[in-house]
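Shown next: final_7.cif, containing mmCIF, C-alpha atoms.
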data_protein
#
loop_
_atom_site.label_atom_id
_atom_site.label_comp_id
_atom_site.auth_asym_id
_atom_site.auth_seq_id
_atom_site.Cartn_x
_atom_site.Cartn_y
_atom_site.Cartn_z
CA MET A 1 8.48 71.68 -92.15
CA ASN A 2 11.73 73.27 -93.37
CA ARG A 3 11.50 75.73 -90.53
CA ARG A 4 10.86 73.07 -87.92
CA TRP A 5 13.46 70.44 -88.72
CA PRO A 6 16.30 72.13 -86.85
CA TRP A 7 14.29 72.05 -83.62
CA LEU A 8 13.26 68.47 -84.20
CA GLY A 9 16.87 67.60 -84.87
CA VAL A 10 17.96 69.15 -81.58
CA ILE A 11 15.29 67.35 -79.63
CA VAL A 12 15.99 63.98 -81.23
CA GLY A 13 19.73 64.47 -80.80
CA LEU A 14 19.33 65.22 -77.10
CA GLY A 15 17.13 62.15 -76.77
CA LEU A 16 19.80 59.95 -78.28
CA ILE A 17 22.41 61.34 -75.92
CA VAL A 18 20.20 60.72 -72.90
CA THR A 19 19.45 57.16 -74.03
CA ALA A 20 23.11 56.41 -74.47
CA GLY A 21 23.83 57.74 -71.00
CA VAL A 22 21.02 56.07 -69.08
CA GLY A 23 20.48 52.89 -71.09
CA PRO A 24 23.34 50.81 -69.68
CA THR A 25 22.13 51.38 -66.13
CA ILE A 26 18.57 50.22 -66.71
CA GLY A 27 17.66 46.54 -66.31
CA VAL A 28 14.34 44.91 -65.67
CA GLY A 29 15.90 42.30 -63.40
CA ASP A 30 18.84 44.21 -62.05
CA THR A 31 19.36 44.08 -58.30
CA PRO A 32 20.71 47.21 -56.68
CA GLN A 33 23.52 46.53 -54.21
CA VAL A 34 22.21 48.58 -51.32
CA GLY A 35 22.82 48.77 -47.62
CA ARG A 36 25.57 47.37 -45.46
CA VAL A 37 25.73 43.59 -45.03
CA PRO A 38 25.61 42.80 -41.28
CA ALA A 39 28.73 40.91 -40.26
CA VAL A 40 28.51 37.44 -38.77
CA GLN A 41 30.53 38.63 -35.78
CA ALA A 42 29.08 41.77 -34.24
CA ALA A 43 31.53 44.56 -33.39
CA ALA A 44 32.44 44.85 -29.70
CA GLY A 45 29.85 46.78 -27.79
CA THR A 46 27.21 46.41 -30.45
CA GLY A 47 24.62 43.83 -31.24
CA PRO A 48 21.75 42.46 -29.20
CA THR A 49 22.20 41.63 -25.53
CA VAL A 50 21.57 38.00 -24.66
CA ARG A 51 19.21 37.88 -21.70
CA ALA A 52 20.16 35.74 -18.74
CA ALA A 53 17.95 32.74 -18.08
CA PRO A 54 15.27 33.44 -15.46
CA ARG A 55 15.68 31.98 -12.00
CA SER A 56 14.10 28.72 -11.02
CA GLY A 57 10.47 29.14 -10.09
CA THR A 58 9.88 31.70 -12.81
CA ARG A 59 10.75 29.41 -15.67
CA PRO A 60 9.28 30.63 -18.96
CA PRO A 61 7.19 28.13 -20.91
CA THR A 62 9.73 27.66 -23.69
CA ALA A 63 10.36 23.98 -24.23
CA MET A 64 12.67 24.46 -27.21
CA ALA A 65 15.46 26.93 -27.87
CA GLY A 66 13.88 28.94 -30.65
CA GLN A 67 10.96 27.87 -32.78
CA ALA A 68 10.71 26.82 -36.37
CA PRO A 69 9.24 29.70 -38.40
CA GLN A 70 5.71 29.27 -39.73
CA ARG A 71 5.18 32.26 -42.03
CA LEU A 72 7.16 35.14 -43.57
CA MET A 73 5.64 38.55 -44.02
CA LEU A 74 7.12 41.39 -46.07
CA PRO A 75 4.62 44.22 -45.57
CA SER A 76 6.28 46.58 -48.07
CA LEU A 77 5.83 43.92 -50.78
CA ARG A 78 2.47 42.63 -49.51
CA VAL A 79 3.97 39.17 -49.08
CA ASP A 80 2.54 36.70 -46.54
CA ALA A 81 3.77 33.19 -47.29
CA PRO A 82 3.87 29.88 -45.39
CA ILE A 83 7.22 28.29 -44.54
CA THR A 84 8.23 24.65 -44.54
CA PRO A 85 11.56 23.14 -43.40
CA VAL A 86 14.05 22.25 -46.13
CA ALA A 87 17.42 20.56 -46.10
CA THR A 88 20.55 20.41 -48.21
CA LEU A 89 20.25 18.44 -51.42
CA PRO A 90 22.64 15.60 -52.24
CA GLY A 91 24.41 17.88 -54.73
CA GLY A 92 25.05 20.47 -52.01
CA GLY A 93 22.47 23.06 -52.99
CA LEU A 94 19.70 24.16 -50.66
CA ALA A 95 16.32 22.65 -51.41
CA VAL A 96 13.44 24.98 -52.30
CA PRO A 97 9.75 24.06 -51.94
CA ALA A 98 8.30 23.18 -55.33
CA ASN A 99 5.34 25.49 -54.83
CA PRO A 100 6.60 29.03 -55.52
CA GLU A 101 4.06 30.40 -53.02
CA VAL A 102 5.70 28.39 -50.20
CA LEU A 103 9.05 29.37 -48.69
CA GLY A 104 11.72 27.12 -47.25
CA TRP A 105 13.55 27.38 -43.92
CA TRP A 106 16.97 25.70 -43.79
CA GLN A 107 16.63 23.42 -40.82
CA GLY A 108 20.39 23.04 -40.61
CA GLY A 109 20.71 26.72 -39.76
CA ALA A 110 19.69 28.95 -36.89
CA ARG A 111 16.18 29.22 -35.47
CA PRO A 112 14.51 32.56 -34.87
CA GLY A 113 14.58 33.63 -31.25
CA THR A 114 17.81 31.86 -30.25
CA GLY A 115 19.80 35.07 -30.27
CA GLN A 116 22.55 33.78 -32.53
CA GLY A 117 23.24 32.67 -36.05
CA THR A 118 21.58 33.28 -39.38
CA VAL A 119 18.03 32.14 -40.06
CA VAL A 120 17.90 31.16 -43.74
CA ILE A 121 14.70 31.45 -45.78
CA ASP A 122 14.53 30.67 -49.51
CA GLY A 123 11.90 30.63 -52.20
CA HIS A 124 11.40 30.55 -55.95
CA VAL A 125 11.40 33.88 -57.74
CA ASP A 126 9.26 32.13 -60.33
CA THR A 127 8.74 28.74 -61.95
CA ALA A 128 8.04 27.74 -65.53
CA ALA A 129 4.82 26.02 -64.46
CA ASP A 130 3.35 28.53 -62.02
CA GLY A 131 4.85 31.90 -62.89
CA PRO A 132 5.96 34.46 -60.29
CA GLY A 133 6.51 33.24 -56.76
CA ALA A 134 6.21 34.85 -53.34
CA LEU A 135 9.72 36.31 -53.62
CA PHE A 136 9.34 37.70 -57.16
CA HIS A 137 9.77 41.28 -55.92
CA LEU A 138 12.45 40.53 -53.32
CA ARG A 139 14.97 42.74 -55.12
CA GLU A 140 12.71 45.74 -54.51
CA LEU A 141 13.28 45.63 -50.74
CA ARG A 142 15.24 48.51 -49.28
CA PRO A 143 17.08 49.05 -45.98
CA GLY A 144 14.58 49.73 -43.24
CA ASP A 145 11.77 47.66 -44.75
CA PRO A 146 10.12 45.46 -42.11
CA VAL A 147 10.18 41.67 -42.05
CA VAL A 148 8.12 39.46 -39.73
CA LEU A 149 8.63 35.75 -39.07
CA SER A 150 5.73 34.18 -37.25
CA THR A 151 6.43 31.33 -34.85
CA ASP A 152 4.38 29.49 -32.27
CA HIS A 153 5.93 31.72 -29.64
CA GLY A 154 4.97 34.91 -31.38
CA PRO A 155 6.38 37.07 -34.17
CA GLN A 156 10.08 37.72 -34.66
CA ARG A 157 10.60 41.16 -36.22
CA TYR A 158 13.46 42.28 -38.39
CA LEU A 159 14.47 45.24 -40.53
CA ILE A 160 16.15 44.89 -43.91
CA ALA A 161 19.80 45.90 -43.71
CA ALA A 162 21.13 45.18 -47.19
CA LEU A 163 20.47 43.62 -50.56
CA ARG A 164 23.09 41.79 -52.58
CA SER A 165 23.36 39.79 -55.78
CA TYR A 166 25.93 37.01 -56.15
CA LEU A 167 26.72 34.51 -58.85
CA LYS A 168 25.38 31.23 -57.49
CA ALA A 169 28.81 29.68 -57.46
CA ASP A 170 30.09 32.64 -55.44
CA LEU A 171 27.37 32.66 -52.78
CA PRO A 172 29.33 33.31 -49.55
CA ALA A 173 29.34 30.43 -47.09
CA GLU A 174 28.93 32.89 -44.24
CA VAL A 175 25.39 33.54 -45.45
CA PHE A 176 24.60 30.24 -43.71
CA ALA A 177 26.47 30.95 -40.46
CA ARG A 178 24.96 29.03 -37.54
CA ARG A 179 26.78 31.10 -34.94
CA GLY A 180 27.46 34.77 -34.42
CA GLN A 181 25.21 37.77 -34.70
CA PRO A 182 21.52 36.93 -35.10
CA ARG A 183 20.45 37.68 -38.66
CA LEU A 184 17.88 36.71 -41.20
CA VAL A 185 18.62 36.12 -44.87
CA ILE A 186 16.05 35.63 -47.61
CA ILE A 187 17.38 34.04 -50.79
CA THR A 188 15.93 33.75 -54.26
CA CYS A 189 17.19 33.87 -57.83
CA GLY A 190 17.73 36.66 -60.29
CA GLY A 191 20.08 38.14 -62.84
CA ALA A 192 20.56 36.73 -66.31
CA PHE A 193 18.40 33.76 -67.33
CA ASN A 194 19.61 30.83 -69.41
CA GLU A 195 16.76 29.72 -71.67
CA LYS A 196 18.35 26.32 -72.31
CA THR A 197 18.95 25.30 -68.72
CA ARG A 198 16.06 27.42 -67.43
CA GLN A 199 18.19 28.70 -64.59
CA TYR A 200 19.10 32.13 -63.34
CA ALA A 201 22.72 33.12 -62.93
CA ASP A 202 22.51 34.85 -59.57
CA ASN A 203 21.23 34.47 -56.05
CA ILE A 204 19.55 37.54 -54.64
CA VAL A 205 20.08 37.82 -50.88
CA ALA A 206 18.20 40.17 -48.57
CA TYR A 207 19.87 40.57 -45.17
CA ALA A 208 17.92 41.63 -42.10
CA LEU A 209 18.68 42.30 -38.45
CA PRO A 210 16.36 41.91 -35.45
CA ALA A 211 14.27 45.02 -34.99
CA MET B 1 2.59 -2.98 30.23
CA LYS B 2 0.84 -4.97 27.55
CA VAL B 3 -0.95 -1.79 26.36
CA ARG B 4 2.33 0.12 26.16
CA MET B 5 3.91 -2.69 24.19
CA ALA B 6 0.94 -2.86 21.84
CA ALA B 7 1.00 0.89 21.30
CA ALA B 8 4.70 0.89 20.68
CA SER B 9 4.31 -2.00 18.33
CA LEU B 10 1.54 -0.22 16.44
CA LEU B 11 3.52 3.00 16.21
CA GLY B 12 6.52 1.10 15.11
CA SER B 13 4.51 -0.69 12.46
CA MET B 14 3.09 2.57 11.22
CA ALA B 15 6.55 4.06 11.04
CA VAL B 16 7.80 1.08 9.07
CA VAL B 17 4.84 1.23 6.68
CA ALA B 18 5.24 4.98 6.31
CA SER B 19 8.93 4.71 5.54
CA MET B 20 8.24 1.98 3.02
CA GLY B 21 5.68 4.16 1.32
CA PHE B 22 7.95 7.19 1.15
CA GLY B 23 10.90 5.10 0.16
CA THR B 24 8.96 3.42 -2.58
CA ALA B 25 7.63 6.70 -3.87
CA ALA B 26 11.09 8.22 -3.85
CA ALA B 27 12.55 5.29 -5.81
CA GLN B 28 9.93 5.30 -8.55
CA PRO B 29 9.76 7.98 -11.22
CA GLY B 30 7.00 10.47 -10.72
CA GLY B 31 7.23 10.13 -6.96
CA GLY B 32 9.44 11.77 -4.38
CA GLY B 33 6.71 13.27 -2.24
CA SER B 34 5.14 15.14 -5.14
CA GLN B 35 1.59 16.41 -4.81
CA LEU B 36 1.05 16.15 -8.56
CA SER B 37 -1.88 14.29 -9.98
CA PRO B 38 -1.27 10.88 -11.58
CA GLN B 39 -1.87 12.48 -14.99
CA ASP B 40 0.81 15.12 -14.43
CA GLN B 41 3.31 12.59 -13.11
CA THR B 42 2.62 10.19 -15.95
CA PHE B 43 3.13 12.87 -18.55
CA MET B 44 6.42 14.00 -17.04
CA THR B 45 7.64 10.41 -16.97
CA GLN B 46 6.57 9.78 -20.56
CA ASN B 47 8.12 12.99 -21.80
CA ALA B 48 11.42 12.27 -20.10
CA GLN B 49 11.54 8.79 -21.59
CA THR B 50 10.70 10.18 -25.02
CA ASP B 51 13.47 12.77 -24.73
CA LEU B 52 15.99 10.12 -23.77
CA ALA B 53 14.89 7.86 -26.62
CA GLU B 54 15.06 10.72 -29.14
CA ILE B 55 18.53 11.70 -28.02
CA ALA B 56 19.82 8.15 -28.36
CA ALA B 57 18.17 7.60 -31.74
CA GLY B 58 19.38 10.97 -32.96
CA LYS B 59 22.99 10.16 -32.14
CA LEU B 60 22.72 6.95 -34.15
CA ALA B 61 21.05 8.68 -37.09
CA VAL B 62 23.60 11.49 -37.26
CA ALA B 63 26.28 8.84 -37.59
CA ARG B 64 24.53 6.27 -39.78
CA ALA B 65 21.80 7.81 -41.92
CA THR B 66 22.62 7.66 -45.61
CA THR B 67 21.38 11.13 -46.60
CA THR B 68 22.36 14.59 -45.49
CA GLN B 69 18.70 15.50 -45.06
CA ILE B 70 18.06 12.71 -42.56
CA ARG B 71 21.25 13.46 -40.68
CA GLN B 72 20.43 17.17 -40.44
CA THR B 73 16.89 16.44 -39.32
CA ALA B 74 18.18 13.99 -36.74
CA GLN B 75 20.63 16.59 -35.45
CA THR B 76 17.87 19.15 -35.10
CA ILE B 77 15.50 16.76 -33.33
CA MET B 78 18.24 15.49 -31.02
CA SER B 79 19.33 19.02 -30.05
CA ASP B 80 15.74 20.02 -29.39
CA HIS B 81 15.11 17.06 -27.12
CA GLN B 82 18.32 17.70 -25.21
CA GLN B 83 16.99 21.19 -24.52
CA ILE B 84 13.55 19.86 -23.61
CA LEU B 85 14.96 17.26 -21.26
CA SER B 86 17.03 19.90 -19.51
CA GLN B 87 13.98 22.05 -18.94
CA LEU B 88 11.90 19.08 -17.86
CA GLN B 89 14.55 18.09 -15.33
CA GLY B 90 14.46 21.61 -13.96
CA LEU B 91 10.71 21.41 -13.67
CA GLY B 92 11.09 18.07 -11.93
CA ARG B 93 13.41 19.60 -9.37
CA ASP B 94 10.99 22.45 -8.76
CA LEU B 95 8.10 20.03 -8.28
CA HIS B 96 10.13 17.38 -6.43
CA VAL B 97 9.46 14.78 -9.10
CA THR B 98 11.95 12.02 -9.82
CA LEU B 99 12.25 11.46 -13.55
CA PRO B 100 13.36 8.23 -15.25
CA ASN B 101 16.90 7.99 -16.53
CA SER B 102 16.19 5.57 -19.37
CA PRO B 103 13.58 5.13 -22.10
CA ASP B 104 10.72 2.68 -21.63
CA ALA B 105 10.98 -0.95 -22.65
CA THR B 106 9.52 -0.45 -26.12
CA GLN B 107 11.83 2.44 -26.86
CA GLN B 108 14.82 0.44 -25.69
CA GLN B 109 13.86 -2.43 -27.98
CA GLN B 110 13.58 -0.03 -30.93
CA ALA B 111 17.00 1.34 -30.09
CA GLN B 112 18.47 -2.15 -30.11
CA GLN B 113 16.98 -2.78 -33.54
CA LEU B 114 18.40 0.50 -34.83
CA GLU B 115 21.81 -0.50 -33.50
CA THR B 116 21.80 -3.58 -35.73
CA SER B 117 20.60 -1.72 -38.86
CA SER B 118 22.62 -0.03 -41.54
CA GLY B 119 22.24 1.65 -44.92
CA THR B 120 18.77 2.40 -46.19
CA ASP B 121 17.38 -0.23 -43.78
CA PHE B 122 18.53 2.04 -40.99
CA ASP B 123 16.93 5.04 -42.68
CA HIS B 124 13.60 3.22 -42.95
CA ALA B 125 13.68 2.05 -39.35
CA TYR B 126 14.69 5.46 -38.01
CA LEU B 127 12.01 7.36 -39.91
CA GLN B 128 9.39 4.81 -38.91
CA ASP B 129 10.36 5.03 -35.24
CA GLU B 130 10.43 8.82 -35.37
CA THR B 131 7.00 9.01 -36.98
CA LYS B 132 5.36 6.65 -34.50
CA GLY B 133 7.26 8.05 -31.55
CA HIS B 134 6.24 11.62 -32.24
CA GLN B 135 2.64 10.64 -32.93
CA THR B 136 2.55 8.94 -29.54
CA SER B 137 4.24 11.85 -27.82
CA ILE B 138 1.82 14.32 -29.37
CA ALA B 139 -1.14 12.26 -28.15
CA GLN B 140 0.31 12.09 -24.62
CA THR B 141 0.92 15.83 -24.64
CA GLN B 142 -2.60 16.59 -25.82
CA GLN B 143 -3.91 14.42 -23.00
CA GLU B 144 -1.88 16.42 -20.48
CA ILE B 145 -3.14 19.71 -21.87
CA LYS B 146 -6.69 18.41 -21.62
CA SER B 147 -6.56 16.68 -18.26
CA GLY B 148 -3.51 17.95 -16.40
CA SER B 149 -3.86 19.64 -13.03
CA ASP B 150 -0.59 21.40 -12.28
CA GLN B 151 -0.35 24.64 -14.24
CA GLN B 152 3.43 24.45 -14.67
CA VAL B 153 3.22 20.95 -16.14
CA VAL B 154 0.34 21.94 -18.40
CA ASN B 155 2.26 25.01 -19.56
CA PHE B 156 5.26 22.84 -20.29
CA ALA B 157 3.05 20.55 -22.36
CA LYS B 158 1.58 23.50 -24.26
CA SER B 159 5.01 24.80 -25.15
CA TYR B 160 6.27 21.33 -26.10
CA LEU B 161 3.39 20.45 -28.43
CA PRO B 162 4.13 22.77 -31.40
CA GLY B 163 7.72 21.60 -31.54
CA ALA B 164 6.72 17.97 -31.47
CA GLU B 165 4.28 18.57 -34.30
CA GLN B 166 7.03 20.35 -36.21
CA HIS B 167 9.33 17.36 -35.72
CA LEU B 168 6.65 15.05 -37.06
CA ARG B 169 6.25 17.20 -40.18
CA MET B 170 10.01 17.29 -40.69
CA VAL B 171 10.25 13.52 -40.49
CA GLN B 172 7.25 12.99 -42.76
CA ASN B 173 8.84 15.27 -45.38
CA LEU B 174 11.91 13.05 -45.57
CA SER B 175 12.30 10.18 -47.96
CA VAL B 176 14.65 7.22 -48.06
CA PRO B 177 16.79 6.91 -51.20
CA SER B 178 15.83 3.99 -53.45
CA GLY B 179 17.97 0.90 -53.45
CA ALA B 180 18.75 -1.50 -50.65
CA GLY B 181 22.11 -2.42 -49.29
CA THR B 182 24.60 -0.92 -46.96
CA ALA B 183 25.47 2.23 -48.82
CA SER B 184 27.76 4.42 -46.80
CA PRO B 185 27.03 8.10 -46.43
CA SER B 186 28.42 10.16 -49.30
CA SER B 187 29.82 12.69 -46.95
CA PRO B 188 30.24 12.35 -43.21
CA ALA B 189 28.28 14.94 -41.32
CA SER B 190 29.57 16.88 -38.40
CA PRO B 191 26.97 16.70 -35.63
CA SER B 192 27.81 20.19 -34.48
CA SER B 193 28.08 22.02 -37.81
CA PRO B 194 26.34 20.75 -40.98
CA SER B 195 28.07 21.86 -44.17
CA PRO B 196 26.52 25.05 -45.55
CA PRO B 197 24.64 24.74 -48.84
CA SER B 198 26.54 25.68 -51.97
CA GLY B 199 23.81 27.71 -53.66
CA VAL B 200 20.09 27.97 -54.27
CA ASN B 201 18.29 27.14 -57.52
CA ALA B 202 15.15 29.15 -57.02
CA GLY B 203 13.70 30.01 -60.39
CA SER B 204 12.86 28.47 -63.73
CA GLY B 205 10.34 30.87 -65.25
CA GLY B 206 12.61 33.55 -66.61
CA GLU B 207 10.18 36.39 -65.90
CA ALA B 208 12.56 38.06 -63.48
CA ALA B 209 15.52 37.98 -65.84
CA ALA B 210 17.75 41.03 -66.01
CA SER B 211 17.60 42.85 -69.35
CA PRO B 212 20.84 42.49 -71.33
CA GLU B 213 23.28 45.31 -71.01
CA MET B 214 23.49 47.73 -73.89
CA PRO B 215 26.64 46.94 -75.96
CA PRO B 216 29.30 49.63 -75.80
CA ALA B 217 29.22 50.06 -79.58
CA VAL B 218 25.55 50.86 -79.44
CA VAL B 219 26.11 53.34 -76.62
CA ALA B 220 28.85 55.05 -78.61
CA GLY B 221 26.74 55.13 -81.73
CA LEU B 222 23.77 56.65 -79.96
CA ALA B 223 25.88 59.24 -78.20
CA GLY B 224 27.81 60.16 -81.34
CA GLY B 225 24.72 60.35 -83.45
CA GLY B 226 23.00 62.47 -80.86
CA VAL B 227 25.87 64.92 -80.64
CA LEU B 228 26.11 65.16 -84.41
CA LEU B 229 22.42 65.79 -84.77
CA VAL B 230 22.41 68.47 -82.07
CA LEU B 231 25.37 70.26 -83.62
CA THR B 232 23.95 70.11 -87.11
CA SER B 233 20.52 71.22 -86.07
CA GLY B 234 21.85 73.85 -83.77
CA GLY B 235 24.08 75.19 -86.49
CA ALA B 236 21.15 75.40 -88.91
CA LEU B 237 19.17 77.36 -86.37
CA LEU B 238 21.97 79.85 -85.88
CA VAL B 239 22.37 80.38 -89.61
CA ARG B 240 18.64 80.98 -90.03
CA ARG B 241 18.56 83.53 -87.24
CA ARG B 242 21.44 85.47 -88.76
CA GLN B 243 19.74 85.48 -92.13
CA GLU B 244 16.62 86.85 -90.53
#
Any chance you could put this one into structure tokens?
Amino acid sequence: MNRRWPWLGVIVGLGLIVTAGVGPTIGVGDTPQVGRVPAVQAAAGTGPTVRAAPRSGTRPPTAMAGQAPQRLMLPSLRVDAPITPVATLPGGGLAVPANPEVLGWWQGGARPGTGQGTVVIDGHVDTAADGPGALFHLRELRPGDPVVLSTDHGPQRYLIAALRSYLKADLPAEVFARRGQPRLVIITCGGAFNEKTRQYADNIVAYALPA
Amino acid sequence: MKVRMAAASLLGSMAVVASMGFGTAAAQPGGGGSQLSPQDQTFMTQNAQTDLAEIAAGKLAVARATTTQIRQTAQTIMSDHQQILSQLQGLGRDLHVTLPNSPDATQQQQAQQLETSSGTDFDHAYLQDETKGHQTSIAQTQQEIKSGSDQQVVNFAKSYLPGAEQHLRMVQNLSVPSGAGTASPSSPASPSSPSPPSGVNAGSGGEAAASPEMPPAVVAGLAGGGVLLVLTSGGALLVRRRQE
């Protein structure tokens, strides 16, 4: 043992140094700030081209400009969840379906397929009653991951562009832009959790652009 | 002479009758020389009247409903029906069908009742009208899909149906705040741009909480202790090797 303790001491010492260096960067619920948030206004010469309406006589069977989304699929997370319309609550926050397996679509925002504005989807990360929700692993998305919104007129496909975490009070208003570049945002909660109020401190926002 | 006069009279009568028929058809909705079946014409008339009624009711609701949710829903439904009406009018032009320019009598009566309502009474009346109106419209659309003849009209009906069903679900998900009276809206809504939400409360379980950051003192202690241990142990190793 007397002959071994110096080696043990070196190994343990190196372990302590590594822990001190890596520890502060590790967090079970931490959300990496990755990717580049797509701007509301696309740069000149970029962005999707809005197709001209077809001539009379070849009118497409689209009675409504855009369709309400029915389901959200995140293949990289194995998520396939139904969507129901939600509105703004009297206090100003966005309503979220009580069932954590059901996602909400802000009906005051853009519709998929209209070619403009931000489609807003939200959902519980978890609830005290039911545990993890459909968006529990949202923070694990990375740029390039596929997203599919199903509508009655077919699927609308997107690719993740960025992931951000904001304090709820600092959630940018432009996340809910009704005009401008077509985007999709998926919002849930994360960050520090207050055991007394049973609320998270942050909103986790995944941004996506049409594929 | 008498034969010529009789023939001229007959031809003249036929011309008069023919012009009356065409004139009548052109004046009435669904007519205008269209070759559509009665089912197709009826559906187009009904849909146009529904669109006009929804647009009028939506304008009232955006201005008078007591909750932001009802106002936003009304704005969405109104905008959708403006779009639908525009497309239906285009279809009418293509098919030479004259569409009505006002809702039917029942819809007009409902609109008059809405005009005289306010507060939560208005909310109740609007949601009730929207529920019944969309249920009726859905039934009419399903009938067209089942029995319509013109493919363009049937296709229009097929594309309209999911949206109408969505509207019905949206309306059924709404609730009227408790309490009667003429409460005024807490915040006036802009028909063209509803205020963005201020945040999302989407979690109460705590399972996704971020782990607390390691305090700086702990980091310093670990690092210092590690360095000290390495130096001490390393020094002992060197001494032993020299002794050997």
Counting all atoms listed in the file, the residue among B:Ala202, B:Ala236, B:Leu222, B:Leu114 that lies closest to Ala134 in chain A is B:Ala202
Residue with smallest distance to chain A - pool B:Ile138, B:Leu168, B:Ala56, B:Leu88, counting all atoms listed in the file: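 Distance minimum relative to chain A lands on B:Leu88.
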Please enclose the listed atoms of range 90-101 of chain B in an axis-aligned box, pad each side by 6 Å, and write out the centre and the three edge lengths in Å, rounded to one decimal, as JSON.
{"center_x": 12.5, "center_y": 15.2, "center_z": -11.5, "size_x": 20.8, "size_y": 26.5, "size_z": 22.1}
As a check of understanding: the span from CA of His134 in chain B to CA of Thr50 in chain B is 8.6 Å
ask   = Excluding same-chain residues fewer than 2 positions from Ala223 in chain B, what lies within 6 Å of it counting all atoms listed in the file, as number ranges by chain?
value = A: 17, 20; B: 220-221, 225-226
- request: For Ala57 in chain B, please output as a PyMOL selection string all residues within 7 Å (counting all atoms listed in the file; exclusion window: fewer than 4 positions along the same chain).
  value: chain B and resi 53+61+111
Next item on the list: Compare A:Val40, A:Val125, A:Val12, A:Val119 by their minimum atom-to-atom distance to Gln67 in chain A, counting all atoms listed in the file, and give me the closest one.
Entry: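 Once distances to Gln67 in chain A are computed over all atoms listed in the file, the minimum belongs to A:Val119.
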### Selected residue of minimal separation from Pro75 in chain A among A:Val102, A:Ala177, A:Arg157, A:Pro90, counting all atoms listed in the file
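For Pro75 in chain A, the nearest of the given residues is A:Arg157.
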